[in-house]
Structures are given as C-alpha cells and as structure tokens.
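Have a look at start-v2.cif below; it lists mmCIF, C-alpha atoms and all ligand atoms.
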data_upload
loop_
_atom_site.group_PDB
_atom_site.id
_atom_site.type_symbol
_atom_site.label_atom_id
_atom_site.label_comp_id
_atom_site.auth_asym_id
_atom_site.auth_seq_id
_atom_site.Cartn_x
_atom_site.Cartn_y
_atom_site.Cartn_z
ATOM 1 C CA MET A 1 113.475 103.365 114.705
ATOM 2 C CA ILE A 2 115.136 106.453 113.220
ATOM 3 C CA GLU A 3 115.152 109.618 115.262
ATOM 4 C CA THR A 4 116.944 112.905 114.719
ATOM 5 C CA ASN A 5 116.998 115.941 116.933
ATOM 6 C CA ASN A 6 118.251 119.282 115.546
ATOM 7 C CA LEU A 7 120.596 117.356 113.288
ATOM 8 C CA THR A 8 122.879 119.709 111.363
ATOM 9 C CA LYS A 9 125.557 119.041 108.771
ATOM 10 C CA THR A 10 127.783 121.705 107.283
ATOM 11 C CA PHE A 11 130.528 121.363 104.675
ATOM 12 C CA SER A 12 132.941 124.255 105.350
ATOM 13 C CA ASP A 13 130.725 127.240 104.407
ATOM 14 C CA VAL A 14 127.708 125.262 103.102
ATOM 15 C CA THR A 15 124.943 124.237 105.488
ATOM 16 C CA ALA A 16 123.520 121.117 103.842
ATOM 17 C CA VAL A 17 121.080 120.117 106.588
ATOM 18 C CA GLU A 18 119.918 122.417 109.375
ATOM 19 C CA ASP A 19 118.142 121.538 112.612
ATOM 20 C CA LEU A 20 116.460 118.452 111.263
ATOM 21 C CA THR A 21 114.121 116.845 113.768
ATOM 22 C CA LEU A 22 112.187 113.804 112.641
ATOM 23 C CA ARG A 23 111.097 110.346 113.659
ATOM 24 C CA VAL A 24 110.453 107.269 111.584
ATOM 25 C CA ASP A 25 108.762 104.343 113.295
ATOM 26 C CA GLU A 26 109.520 100.690 112.780
ATOM 27 C CA GLY A 27 107.821 99.248 109.693
ATOM 28 C CA GLU A 28 107.129 102.665 108.240
ATOM 29 C CA VAL A 29 107.920 103.836 104.710
ATOM 30 C CA PHE A 30 109.144 107.413 105.095
ATOM 31 C CA GLY A 31 109.469 109.516 101.944
ATOM 32 C CA PHE A 32 112.041 112.304 101.938
ATOM 33 C CA LEU A 33 111.380 114.910 99.263
ATOM 34 C CA GLY A 34 113.059 118.174 98.378
ATOM 35 C CA PRO A 35 114.678 120.066 95.515
ATOM 36 C CA ASN A 36 118.186 119.302 94.206
ATOM 37 C CA GLY A 37 120.728 120.251 96.846
ATOM 38 C CA ALA A 38 118.127 120.166 99.648
ATOM 39 C CA GLY A 39 120.255 117.874 101.812
ATOM 40 C CA LYS A 40 118.493 114.515 101.337
ATOM 41 C CA THR A 41 121.576 112.524 100.361
ATOM 42 C CA THR A 42 123.599 114.261 103.066
ATOM 43 C CA THR A 43 121.009 113.253 105.681
ATOM 44 C CA VAL A 44 121.118 109.644 104.544
ATOM 45 C CA ARG A 45 124.921 109.591 104.528
ATOM 46 C CA VAL A 46 125.005 110.904 108.088
ATOM 47 C CA LEU A 47 122.412 108.350 109.211
ATOM 48 C CA ALA A 48 124.324 105.548 107.479
ATOM 49 C CA CYS A 49 127.511 106.590 109.342
ATOM 50 C CA LEU A 50 129.336 107.435 106.102
ATOM 51 C CA ILE A 51 130.008 111.043 107.097
ATOM 52 C CA SER A 52 130.003 112.682 110.495
ATOM 53 C CA LYS A 53 127.322 115.053 111.741
ATOM 54 C CA THR A 54 128.214 118.634 112.676
ATOM 55 C CA SER A 55 125.774 118.995 115.583
ATOM 56 C CA GLY A 56 122.495 117.707 116.964
ATOM 57 C CA GLU A 57 121.599 114.093 117.644
ATOM 58 C CA ALA A 58 120.479 111.073 115.687
ATOM 59 C CA ARG A 59 119.686 107.501 116.632
ATOM 60 C CA ILE A 60 118.958 104.298 114.764
ATOM 61 C CA GLY A 61 117.171 101.949 117.122
ATOM 62 C CA ASN A 62 119.085 102.167 120.375
ATOM 63 C CA TYR A 63 122.322 103.231 118.764
ATOM 64 C CA GLU A 64 123.699 106.721 118.635
ATOM 65 C CA ILE A 65 125.058 108.310 115.438
ATOM 66 C CA GLY A 66 128.470 109.795 116.150
ATOM 67 C CA ASN A 67 129.315 107.286 118.853
ATOM 68 C CA ASP A 68 132.223 105.262 117.470
ATOM 69 C CA ALA A 69 131.312 102.168 119.467
ATOM 70 C CA ASP A 70 127.810 102.173 117.899
ATOM 71 C CA ALA A 71 128.843 102.815 114.286
ATOM 72 C CA LEU A 72 129.552 99.173 113.500
ATOM 73 C CA LYS A 73 126.317 98.042 115.157
ATOM 74 C CA ILE A 74 124.383 100.587 113.125
ATOM 75 C CA ARG A 75 125.994 99.376 109.915
ATOM 76 C CA LYS A 76 124.878 95.843 110.701
ATOM 77 C CA ILE A 77 121.220 96.775 111.031
ATOM 78 C CA ILE A 78 120.982 99.154 108.086
ATOM 79 C CA GLY A 79 121.209 98.710 104.336
ATOM 80 C CA LEU A 80 121.891 101.511 101.867
ATOM 81 C CA VAL A 81 121.110 101.853 98.201
ATOM 82 C CA PRO A 82 123.211 104.912 97.348
ATOM 83 C CA ASP A 83 122.351 107.377 94.575
ATOM 84 C CA ASN A 84 125.393 106.106 92.698
ATOM 85 C CA VAL A 85 125.136 102.318 92.756
ATOM 86 C CA GLY A 86 128.849 101.401 92.393
ATOM 87 C CA LEU A 87 129.058 97.643 91.720
ATOM 88 C CA TYR A 88 132.005 95.513 90.630
ATOM 89 C CA GLU A 89 131.476 95.602 86.890
ATOM 90 C CA ASP A 90 133.668 92.618 85.995
ATOM 91 C CA LEU A 91 132.116 90.292 88.541
ATOM 92 C CA SER A 92 128.838 88.496 87.921
ATOM 93 C CA ALA A 93 125.691 89.603 89.736
ATOM 94 C CA TYR A 94 125.954 86.559 91.979
ATOM 95 C CA ARG A 95 129.621 87.170 92.847
ATOM 96 C CA ASN A 96 128.913 90.822 93.671
ATOM 97 C CA LEU A 97 126.246 89.780 96.136
ATOM 98 C CA ASP A 98 128.262 86.940 97.579
ATOM 99 C CA PHE A 99 131.173 89.322 98.136
ATOM 100 C CA TYR A 100 129.019 91.754 100.118
ATOM 101 C CA GLY A 101 127.463 88.886 102.043
ATOM 102 C CA ARG A 102 130.945 87.818 103.138
ATOM 103 C CA LEU A 103 131.794 91.367 104.201
ATOM 104 C CA TYR A 104 128.753 91.277 106.439
ATOM 105 C CA GLU A 105 129.862 87.899 107.778
ATOM 106 C CA CYS A 106 126.781 86.054 106.533
ATOM 107 C CA THR A 107 127.183 82.273 106.498
ATOM 108 C CA VAL A 108 127.355 80.350 103.211
ATOM 109 C CA ALA A 109 123.810 79.076 103.717
ATOM 110 C CA GLN A 110 122.484 82.577 104.483
ATOM 111 C CA ARG A 111 124.181 83.984 101.401
ATOM 112 C CA GLU A 112 122.841 81.244 99.145
ATOM 113 C CA ASP A 113 119.302 81.532 100.492
ATOM 114 C CA ARG A 114 119.094 85.310 100.445
ATOM 115 C CA ILE A 115 120.734 85.813 97.072
ATOM 116 C CA GLU A 116 118.356 83.341 95.472
ATOM 117 C CA HIS A 117 115.338 84.754 97.311
ATOM 118 C CA PHE A 118 115.940 88.410 96.433
ATOM 119 C CA LEU A 119 117.219 87.841 92.884
ATOM 120 C CA LYS A 120 114.080 85.837 92.169
ATOM 121 C CA MET A 121 111.893 88.520 93.727
ATOM 122 C CA LEU A 122 113.397 91.157 91.429
ATOM 123 C CA GLY A 123 113.560 88.973 88.337
ATOM 124 C CA LEU A 124 117.361 88.761 88.101
ATOM 125 C CA TRP A 125 117.862 85.101 88.963
ATOM 126 C CA ASN A 126 118.274 84.025 85.336
ATOM 127 C CA VAL A 127 121.070 86.534 84.714
ATOM 128 C CA ARG A 128 122.921 85.903 87.970
ATOM 129 C CA ASP A 129 126.083 84.625 86.232
ATOM 130 C CA ARG A 130 126.430 87.526 83.823
ATOM 131 C CA ALA A 131 129.090 90.204 84.413
ATOM 132 C CA VAL A 132 127.473 93.335 85.800
ATOM 133 C CA ARG A 133 129.017 95.440 83.047
ATOM 134 C CA THR A 134 126.534 93.799 80.640
ATOM 135 C CA PHE A 135 123.568 94.923 82.781
ATOM 136 C CA SER A 136 121.251 97.806 81.924
ATOM 137 C CA LYS A 137 120.903 100.739 84.343
ATOM 138 C CA GLY A 138 117.683 99.332 85.756
ATOM 139 C CA MET A 139 119.177 95.878 86.305
ATOM 140 C CA LYS A 140 122.129 97.438 88.166
ATOM 141 C CA GLN A 141 119.735 99.478 90.248
ATOM 142 C CA LYS A 142 117.842 96.351 91.266
ATOM 143 C CA LEU A 143 121.093 94.546 92.014
ATOM 144 C CA ALA A 144 122.137 97.414 94.287
ATOM 145 C CA ILE A 145 118.865 96.955 96.171
ATOM 146 C CA VAL A 146 119.550 93.246 96.655
ATOM 147 C CA ARG A 147 123.094 94.056 97.775
ATOM 148 C CA ALA A 148 121.701 96.381 100.460
ATOM 149 C CA LEU A 149 119.493 93.553 101.738
ATOM 150 C CA ILE A 150 122.055 90.768 101.862
ATOM 151 C CA HIS A 151 122.464 90.989 105.643
ATOM 152 C CA GLU A 152 118.689 91.291 106.232
ATOM 153 C CA PRO A 153 118.838 94.830 107.629
ATOM 154 C CA GLN A 154 115.989 96.200 109.739
ATOM 155 C CA VAL A 155 116.348 99.660 108.234
ATOM 156 C CA LEU A 156 116.799 100.336 104.541
ATOM 157 C CA PHE A 157 117.881 103.698 103.114
ATOM 158 C CA LEU A 158 117.051 104.110 99.436
ATOM 159 C CA ASP A 159 118.435 107.179 97.666
ATOM 160 C CA GLU A 160 116.319 107.664 94.536
ATOM 161 C CA PRO A 161 115.999 103.938 93.776
ATOM 162 C CA THR A 162 113.675 104.396 90.821
ATOM 163 C CA ALA A 163 115.459 107.290 89.114
ATOM 164 C CA ASN A 164 116.189 106.298 85.494
ATOM 165 C CA LEU A 165 113.951 103.252 85.621
ATOM 166 C CA ASP A 166 111.202 102.631 83.096
ATOM 167 C CA PRO A 167 107.632 102.584 84.457
ATOM 168 C CA GLU A 168 107.514 98.796 84.700
ATOM 169 C CA PHE A 169 110.794 98.603 86.634
ATOM 170 C CA GLN A 170 109.601 101.451 88.848
ATOM 171 C CA LYS A 171 106.505 99.469 89.687
ATOM 172 C CA THR A 172 108.528 96.324 90.449
ATOM 173 C CA VAL A 173 110.711 98.311 92.844
ATOM 174 C CA ARG A 174 107.682 99.996 94.442
ATOM 175 C CA ASP A 175 105.984 96.631 94.979
ATOM 176 C CA PHE A 176 109.222 95.284 96.379
ATOM 177 C CA ILE A 177 109.457 98.174 98.861
ATOM 178 C CA LEU A 178 105.930 97.387 100.016
ATOM 179 C CA GLU A 179 106.864 93.727 100.505
ATOM 180 C CA LEU A 180 109.810 94.827 102.637
ATOM 181 C CA LYS A 181 107.449 96.971 104.663
ATOM 182 C CA HIS A 182 105.261 93.910 105.290
ATOM 183 C CA GLU A 183 108.385 92.213 106.619
ATOM 184 C CA LYS A 184 108.418 95.043 109.212
ATOM 185 C CA ARG A 185 111.496 96.697 107.816
ATOM 186 C CA THR A 186 111.771 100.462 108.119
ATOM 187 C CA ILE A 187 112.269 102.223 104.789
ATOM 188 C CA PHE A 188 113.731 105.708 104.355
ATOM 189 C CA LEU A 189 113.174 106.722 100.749
ATOM 190 C CA ASN A 190 114.703 109.758 99.051
ATOM 191 C CA THR A 191 112.750 110.475 95.913
ATOM 192 C CA HIS A 192 111.825 113.137 93.391
ATOM 193 C CA ASN A 193 108.925 111.042 92.235
ATOM 194 C CA LEU A 194 105.938 112.624 93.976
ATOM 195 C CA ASP A 195 103.466 110.160 92.590
ATOM 196 C CA GLU A 196 105.573 107.311 93.949
ATOM 197 C CA ALA A 197 105.816 109.005 97.352
ATOM 198 C CA GLN A 198 102.073 109.529 97.469
ATOM 199 C CA ARG A 199 101.435 105.878 96.630
ATOM 200 C CA ILE A 200 103.811 104.053 98.926
ATOM 201 C CA CYS A 201 104.837 106.309 101.806
ATOM 202 C CA ASP A 202 103.138 106.252 105.187
ATOM 203 C CA ARG A 203 104.634 109.625 105.991
ATOM 204 C CA ILE A 204 106.528 112.246 104.060
ATOM 205 C CA GLY A 205 109.029 114.932 104.977
ATOM 206 C CA ILE A 206 109.816 117.817 102.665
ATOM 207 C CA LEU A 207 113.347 119.125 103.112
ATOM 208 C CA ASN A 208 114.872 122.342 101.877
ATOM 209 C CA THR A 209 117.975 122.398 104.100
ATOM 210 C CA LYS A 210 115.418 122.671 106.913
ATOM 211 C CA LEU A 211 112.365 120.466 107.240
ATOM 212 C CA VAL A 212 109.580 122.412 105.542
ATOM 213 C CA ALA A 213 106.659 120.039 106.180
ATOM 214 C CA GLU A 214 106.010 116.589 107.569
ATOM 215 C CA GLY A 215 102.980 114.342 107.728
ATOM 216 C CA THR A 216 101.000 111.639 105.990
ATOM 217 C CA PRO A 217 100.312 112.347 102.302
ATOM 218 C CA GLU A 218 96.684 113.014 103.296
ATOM 219 C CA GLN A 219 97.685 115.496 106.006
ATOM 220 C CA LEU A 220 99.935 117.371 103.602
ATOM 221 C CA MET A 221 97.192 117.566 101.009
ATOM 222 C CA GLU A 222 94.676 118.659 103.608
ATOM 223 C CA SER A 223 97.033 121.448 104.710
ATOM 224 C CA LEU A 224 97.044 122.764 101.144
ATOM 225 C CA ARG A 225 93.275 122.621 100.917
ATOM 226 C CA LEU A 226 92.842 124.568 104.163
ATOM 227 C CA GLY A 227 95.204 127.226 102.919
ATOM 228 C CA LEU A 228 93.355 127.679 99.657
ATOM 229 C CA ARG A 229 89.580 127.928 99.686
ATOM 230 C CA TYR A 230 88.394 128.946 96.302
ATOM 231 C CA VAL A 231 85.704 129.160 93.650
ATOM 232 C CA VAL A 232 87.122 129.351 90.137
ATOM 233 C CA SER A 233 85.214 129.481 86.870
ATOM 234 C CA SER A 234 86.826 128.826 83.536
ATOM 235 C CA GLY A 235 84.769 128.502 80.345
ATOM 236 C CA ASN A 236 81.844 126.283 81.212
ATOM 237 C CA ARG A 237 83.579 124.797 84.272
ATOM 238 C CA LEU A 238 83.130 125.815 87.851
ATOM 239 C CA VAL A 239 85.607 124.563 90.465
ATOM 240 C CA ILE A 240 84.372 124.900 94.035
ATOM 241 C CA ASP A 241 86.365 124.001 97.126
ATOM 242 C CA VAL A 242 84.135 122.340 99.720
ATOM 243 C CA SER A 243 85.076 120.856 103.064
ATOM 244 C CA ASP A 244 82.090 118.548 103.463
ATOM 245 C CA PRO A 245 80.920 117.503 99.972
ATOM 246 C CA GLU A 246 77.998 115.351 101.108
ATOM 247 C CA LYS A 247 76.516 118.220 103.053
ATOM 248 C CA GLU A 248 77.448 121.144 100.832
ATOM 249 C CA ASN A 249 77.053 119.759 97.304
ATOM 250 C CA PRO A 250 73.202 119.490 97.201
ATOM 251 C CA GLY A 251 72.794 123.165 98.167
ATOM 252 C CA ILE A 252 75.364 124.265 95.602
ATOM 253 C CA MET A 253 73.620 122.272 92.857
ATOM 254 C CA GLU A 254 70.222 123.677 93.799
ATOM 255 C CA ALA A 255 71.650 127.187 93.682
ATOM 256 C CA ILE A 256 73.122 126.624 90.221
ATOM 257 C CA VAL A 257 69.834 125.214 88.899
ATOM 258 C CA ALA A 258 67.805 127.989 90.573
ATOM 259 C CA ALA A 259 70.041 130.540 88.844
ATOM 260 C CA GLY A 260 69.148 128.936 85.480
ATOM 261 C CA GLY A 261 72.342 126.867 85.087
ATOM 262 C CA HIS A 262 72.498 123.374 83.586
ATOM 263 C CA ILE A 263 74.683 120.781 85.240
ATOM 264 C CA GLN A 264 76.279 118.330 82.818
ATOM 265 C CA PHE A 265 78.871 116.580 85.005
ATOM 266 C CA ILE A 266 80.022 116.711 88.583
ATOM 267 C CA THR A 267 83.476 115.313 89.317
ATOM 268 C CA GLU A 268 85.635 115.272 92.380
ATOM 269 C CA LYS A 269 89.095 116.834 92.209
ATOM 270 C CA HIS A 270 91.687 116.009 94.873
ATOM 271 C CA ALA A 271 94.779 118.029 95.688
ATOM 272 C CA THR A 272 97.872 116.086 94.663
ATOM 273 C CA LEU A 273 101.122 115.816 96.538
ATOM 274 C CA GLU A 274 102.733 117.595 93.590
ATOM 275 C CA GLU A 275 100.614 120.689 94.215
ATOM 276 C CA VAL A 276 101.522 120.654 97.914
ATOM 277 C CA TYR A 277 105.195 120.167 97.163
ATOM 278 C CA LEU A 278 105.390 122.960 94.612
ATOM 279 C CA LYS A 279 103.549 125.360 96.864
ATOM 280 C CA LEU A 280 105.737 124.601 99.902
ATOM 281 C CA VAL A 281 109.021 124.671 98.026
ATOM 282 C CA ARG A 282 108.161 127.831 96.040
ATOM 283 C CA ASP A 283 106.916 129.654 99.134
ATOM 284 C CA ARG A 284 110.346 129.297 100.705
ATOM 285 C CA GLN A 285 112.421 130.542 97.804
HETATM 286 N N1 LIG A 301 131.076 116.443 100.205
HETATM 287 C C1 LIG A 301 130.561 117.653 100.079
HETATM 288 N N2 LIG A 301 131.314 118.774 100.150
HETATM 289 C C2 LIG A 301 130.768 119.999 100.043
HETATM 290 N N3 LIG A 301 129.454 120.227 99.866
HETATM 291 C C3 LIG A 301 128.647 119.169 99.773
HETATM 292 C C4 LIG A 301 129.146 117.819 99.872
HETATM 293 N N4 LIG A 301 128.106 116.966 99.763
HETATM 294 C C5 LIG A 301 127.003 117.730 99.594
HETATM 295 N N5 LIG A 301 127.320 119.057 99.610
HETATM 296 C C6 LIG A 301 126.384 120.184 99.492
HETATM 297 O O1 LIG A 301 125.319 119.975 100.402
HETATM 298 C C7 LIG A 301 124.096 120.393 99.835
HETATM 299 C C8 LIG A 301 123.096 119.248 99.893
HETATM 300 O O2 LIG A 301 123.479 118.242 98.956
HETATM 301 P P1 LIG A 301 122.745 116.832 98.870
HETATM 302 O O3 LIG A 301 123.502 115.992 97.929
HETATM 303 O O4 LIG A 301 122.533 116.328 100.243
HETATM 304 O O5 LIG A 301 121.338 117.248 98.250
HETATM 305 P P2 LIG A 301 120.132 116.315 97.747
HETATM 306 O O6 LIG A 301 118.908 116.794 98.445
HETATM 307 O O7 LIG A 301 120.484 114.895 97.871
HETATM 308 O O8 LIG A 301 120.059 116.753 96.218
HETATM 309 P P3 LIG A 301 119.660 115.878 94.901
HETATM 310 O O9 LIG A 301 118.163 115.891 94.843
HETATM 311 O O10 LIG A 301 120.237 116.668 93.786
HETATM 312 O O11 LIG A 301 120.235 114.505 95.036
HETATM 313 C C9 LIG A 301 124.411 120.907 98.442
HETATM 314 O O12 LIG A 301 124.547 122.302 98.511
HETATM 315 C C10 LIG A 301 125.737 120.255 98.130
HETATM 316 O O13 LIG A 301 126.502 121.045 97.255
HETATM 317 MG MG MG A 302 120.689 113.337 96.499
#
Could you render the structure as structure tokens?
Amino acid sequence: MIETNNLTKTFSDVTAVEDLTLRVDEGEVFGFLGPNGAGKTTTVRVLACLISKTSGEARIGNYEIGNDADALKIRKIIGLVPDNVGLYEDLSAYRNLDFYGRLYECTVAQREDRIEHFLKMLGLWNVRDRAVRTFSKGMKQKLAIVRALIHEPQVLFLDEPTANLDPEFQKTVRDFILELKHEKRTIFLNTHNLDEAQRICDRIGILNTKLVAEGTPEQLMESLRLGLRYVVSSGNRLVIDVSDPEKENPGIMEAIVAAGGHIQFITEKHATLEEVYLKLVRDRQ
C-alpha cells in the first residue's frame, strides 16, 4: 500500500531522510521509530504530498508521489494526524469536523454519520458543541484523529498521536488504531513510545536519517538476542541466555544442583523493543 525506493529528502544542506526503502502492506500497522531529528515527520510529510521529495520513488497504492496528477488522488485516500494538531479553536468540535468533511466533498449524510460514529468511538460525542479552545490537549488530539478519518481514508498517517496523553487516553487511541486496522486500513505510526509500538505494530522500522532496522517486533528482538549471548551473575542471580529453553534448561538446572547450588526461582526474561532500539541507535552514533 505504501512503498518507497531510495527515497531521499534534503533541506538545503541538511539530509533529513536518505535512501529510504520500505514497504507497508494493506491493513498493516507500521511503527516508525527513531531519535529526534531522525526524519520521521519529514518522511510522513513527503508521503502525504505536503512537501516534495528530493530523489528516489514513493507510491501510495497505485499513485506516484511527485506526480502532480496523482497528488490529489493520494490526498483523497490518505488521512494525516500531524504532530501539531492545528484545529479551529473558536469553532465547536462538530463544526471543525463538518468543515473538513466539506473540503473532502463528503455528502451531508456521510458527514453526519461519520462524525457521530467516530466522536462516539473516541468519547467526544457529548462535547461536540463546545468550542475547541475549551478542550484539553488529549481531547484535541482525539479530535485531530477524527478529522483525519472524515473522508474514510484507506491509509492513515499518525505522527506521535499519543504524545502528551495520559495512560488512559493512550490506551483509547491504541485500541482505536487496532479497530481501524480491523477495518483493513493501513496505519503508518510515528512514535517514541516503544511499548506502544511493541504492542500494536505488525512491523517496525527504525530510522536515523537512514533506515537502521526493519522487521516485526519479534524479529527485532530476536536479532538482539542473537547478537548477545551471555551468562551474567549478580548477587544471588544468574542470567543465562538460551536459544531453546525447553531443551537447555533441565541440563542447566542439573548442573547448578550438582555444583551444590540451590534454585529458588526460575523466571523467563524477554528482550524488549526498548533494548533493541537503544542498542541500534547508540551503535550508529
Ligand atoms: N522545513 C525544514 N527546513 C529545514 N530543515 C528541516 C525542515 N524540516 C525538518 N528539517 C530537518 O530535518 C531533520 C529531520 O527532522 P524531522 O522533523 O523529520 O525529524 P523527526 O524524526 O520527526 O524528529 P522528532 O522525533 O523530533 O519529531 C532535522 O534535522 C530537521 O532539522
Ligand atoms: Mg517528528
């Protein structure tokens, strides 16, 4: 659904994104991670046809980024929740959404149905007539998500949608993203929240101007494990890296007992996406 090939974007002397090649399939939640200034927002802005690419290729569905005739078609099938939400503060939530619906040429019935549907899903239906300036940051963030969905886009770009949200709001938005995935929409999610990425993304890309790693969360964690085989003891704890626990653990336990050791607890420790991320990003600095 989204495909890039050696996509590069430079701003005068700054290379923001270099030779990015990736593919996101229909119905997939793709998490895009990377340190501040890595080029995540720039990538999304190029893919959303807000800024031009410098070189390389990118496609959304059958449409080509950079082809003027396709830009309008791309805009019709994508929705964007930008990092800076930018709503009309003096208009009510409902009027904001209705305005965007009109821009996208949705019919009155479509606008009414969708606004009600999505505002109810995100718990904003009861405050629909309040001016947006009276909304909290989290409420505005949710409203920006509904705004991006008003024309029922197939592809949704979310640039840090849960930044600044409290844990409960974060969970609502995460659950909402998963519902959109079930509706077969393709989600491209920029986030700094590694736990969130690990929970909801089918695949993850780590960007640091260039793409540093790409894969399912499990593949990324496995790659860390393969790179680091270890036995560490600290105090009365022994941490042993095993590749096949069912096969290897009995022998290890027997050896500990035979050597006169007492085993109090055995617990399983998994690599987290955070460990993978920190290792990959630090290795490149
Ligand atoms: N309009 C612009 N003009 C000049 N440089 C820019 C512009 N937009 C972005 N950049 C530069 O491009 C690089 C990538 O920025 P970008 O905003 O894409 O990073 P990001 O990964 O989204 O970071 P963050 O996690 O902080 O949101 C940075 O060095 C930034 O200064
Ligand atoms: Mg950004």
Legend entry - Two-atom distance - atom N2 of ligand LIG 301 (chain A), CA of Tyr104 in chain A (Å): 28.3 Å
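Excluding range 88-97 of chain A and any residue on its chain fewer than 6 positions from it, the residues at most 10 Å away by all atoms listed in the file are Leu103, Arg111, Glu112, Arg114, Ile115, Glu116, Leu119, Leu124, Trp125, Val127, Arg128, Asp129, Arg130, Ala131, Val132, Arg133, Thr134, Phe135, Met139, Lys140, Leu143, Ala144, Val146, Arg147, Ala148, Leu149 and Ile150 of chain A.
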Mind checking which residues fall within 9 Å of Asp83 in chain A, counting only C-alpha atoms, ignoring those fewer than 5 positions away in the same chain, and posting them as a PDB file with C-alpha atoms, in the frame of the given file?
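Contents of around37.pdb, as written:
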ATOM      1  CA  THR A  41     121.576 112.524 100.361  1.00  0.00           C
ATOM      2  CA  LEU A 158     117.051 104.110  99.436  1.00  0.00           C
ATOM      3  CA  ASP A 159     118.435 107.179  97.666  1.00  0.00           C
ATOM      4  CA  GLU A 160     116.319 107.664  94.536  1.00  0.00           C
ATOM      5  CA  PRO A 161     115.999 103.938  93.776  1.00  0.00           C
ATOM      6  CA  ALA A 163     115.459 107.290  89.114  1.00  0.00           C
TER       7      ALA A 163
END
Could you give me, as a tab-separated table, every chain A residue with an atom at most 10 Å from ligand MG 302 (chain A), plus its closest atom pair and distance in Å to one decimal, counting only C-alpha atoms and all ligand atoms, rows ordered by chain then number?
residue	atom	partner	partner_atom	distance
A:Leu33	CA	A:MG302	MG	9.8
A:Gly34	CA	A:MG302	MG	9.2
A:Pro35	CA	A:MG302	MG	9.1
A:Asn36	CA	A:MG302	MG	6.9
A:Gly37	CA	A:MG302	MG	6.9
A:Ala38	CA	A:MG302	MG	7.9
A:Gly39	CA	A:MG302	MG	7.0
A:Lys40	CA	A:MG302	MG	5.4
A:Thr41	CA	A:MG302	MG	4.0
A:Thr42	CA	A:MG302	MG	7.2
A:Thr43	CA	A:MG302	MG	9.2
A:Val44	CA	A:MG302	MG	8.9
A:Arg45	CA	A:MG302	MG	9.8
A:Pro82	CA	A:MG302	MG	8.8
A:Asp83	CA	A:MG302	MG	6.5
A:Asn84	CA	A:MG302	MG	9.4
A:Asp159	CA	A:MG302	MG	6.7
A:Glu160	CA	A:MG302	MG	7.4
A:Asn190	CA	A:MG302	MG	7.4
A:Thr191	CA	A:MG302	MG	8.5
A:His192	CA	A:MG302	MG	9.4
For the selection just defined, write its residues with C-alpha atoms to a file, as a JSON list (two decimals), keeping the file's coordinate frame.
[["chain", "number", "residue", "atom", "x", "y", "z"],
["A", 33, "LEU", "CA", 111.38, 114.91, 99.26],
["A", 34, "GLY", "CA", 113.06, 118.17, 98.38],
["A", 35, "PRO", "CA", 114.68, 120.07, 95.52],
["A", 36, "ASN", "CA", 118.19, 119.30, 94.21],
["A", 37, "GLY", "CA", 120.73, 120.25, 96.85],
["A", 38, "ALA", "CA", 118.13, 120.17, 99.65],
["A", 39, "GLY", "CA", 120.26, 117.87, 101.81],
["A", 40, "LYS", "CA", 118.49, 114.52, 101.34],
["A", 41, "THR", "CA", 121.58, 112.52, 100.36],
["A", 42, "THR", "CA", 123.60, 114.26, 103.07],
["A", 43, "THR", "CA", 121.01, 113.25, 105.68],
["A", 44, "VAL", "CA", 121.12, 109.64, 104.54],
["A", 45, "ARG", "CA", 124.92, 109.59, 104.53],
["A", 82, "PRO", "CA", 123.21, 104.91, 97.35],
["A", 83, "ASP", "CA", 122.35, 107.38, 94.58],
["A", 84, "ASN", "CA", 125.39, 106.11, 92.70],
["A", 159, "ASP", "CA", 118.44, 107.18, 97.67],
["A", 160, "GLU", "CA", 116.32, 107.66, 94.54],
["A", 190, "ASN", "CA", 114.70, 109.76, 99.05],
["A", 191, "THR", "CA", 112.75, 110.48, 95.91],
["A", 192, "HIS", "CA", 111.82, 113.14, 93.39]]
Inset, instruction - Using atom O4 of ligand LIG 301 (chain A) and CA of Leu80 in chain A as the two end points, give the distance in Å to one decimal. - result: 14.9 Å
Legend entry - Near-range 261-278 of chain A list (6 Å; only C-alpha atoms; drop same-chain fewer than 4 positions) as an NGL selection string: :A and (194 or 221 or 224 or 256-257 or 282)
Inset, instruction - Skip Asn62 in chain A itself and residues of its chain fewer than 5 positions away, then list as a PyMOL selection string all residues within 10 Å of it, counting all atoms listed in the file. - result: chain A and resi 1-3+70+73-74
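Considering the residues A:Phe176, A:Phe157, A:Tyr63, A:Phe11 and counting only C-alpha atoms and all ligand atoms, ligand LIG 301 (chain A) has its shortest atom-to-atom contact with A:Phe11.
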Inset, instruction - Let me know the residues the PyMOL selection byres (((chain A and resi 46-57) around 10) and not hetatm) catches in the file above, as a PyMOL selection string. - result: chain A and resi 2-11+15+17-21+41-45+58-60+64-68+70-72+74-75+77-80+155-157
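CA of Val242 in chain A lies 29.6 Å from CA of Leu207 in chain A.
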Inset, instruction - I need the residue set behind the PyMOL selection byres (((chain A and resi 177) around 12) and not hetatm) for this file; please write it as a PyMOL selection string. - result: chain A and resi 27-31+118+121-122+142+145-146+149+155-158+161-162+170-176+178-189+196-197+199-201
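Comparing A:Gly101, A:Gly205, A:Gly86, A:Gly61 by their smallest distance to ligand LIG 301 (chain A), the closest is A:Gly205 (using only C-alpha atoms and all ligand atoms).
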Inset, instruction - Choose the residue, out of A:Lys210, A:Arg203, A:Arg102, A:Arg23, that has the smallest atom-to-atom separation from ligand LIG 301 (chain A); count only C-alpha atoms and all ligand atoms. - result: A:Lys210
Around all the atoms of ligand LIG 301 (chain A) listed in the file, draw an axis-aligned box and extend it by 5 Å on each of the six sides; I want its centre and edge lengths in Å to one decimal, as lines of an AutoDock Vina configuration file.
center_x = 124.7
center_y = 118.4
center_z = 97.1
size_x = 23.2
size_y = 17.8
size_z = 16.6
Repaired coordinates for range 88-96 of chain A (N, CA and C atoms) as a CSV table (one decimal), in the frame of the given file:
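selection_31.csv, written as the output of this step:
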chain,number,residue,atom,x,y,z
A,88,TYR,N,130.8,96.0,91.3
A,88,TYR,CA,132.0,95.5,90.6
A,88,TYR,C,131.6,95.0,89.2
A,89,GLU,N,132.0,95.8,88.2
A,89,GLU,CA,131.5,95.6,86.9
A,89,GLU,C,131.9,94.3,86.3
A,90,ASP,N,133.1,93.8,86.6
A,90,ASP,CA,133.7,92.6,86.0
A,90,ASP,C,133.2,91.3,86.7
A,91,LEU,N,132.6,91.5,87.9
A,91,LEU,CA,132.1,90.3,88.5
A,91,LEU,C,130.7,90.0,88.1
A,92,SER,N,130.2,88.8,88.2
A,92,SER,CA,128.8,88.5,87.9
A,92,SER,C,128.0,89.1,89.0
A,93,ALA,N,126.7,89.1,88.7
A,93,ALA,CA,125.7,89.6,89.7
A,93,ALA,C,125.8,88.8,91.0
A,94,TYR,N,125.9,87.5,90.8
A,94,TYR,CA,126.0,86.6,92.0
A,94,TYR,C,127.2,86.8,92.8
A,95,ARG,N,128.4,87.0,92.1
A,95,ARG,CA,129.6,87.2,92.8
A,95,ARG,C,129.6,88.5,93.6
A,96,ASN,N,129.0,89.5,93.0
A,96,ASN,CA,128.9,90.8,93.7
A,96,ASN,C,128.2,90.6,95.0
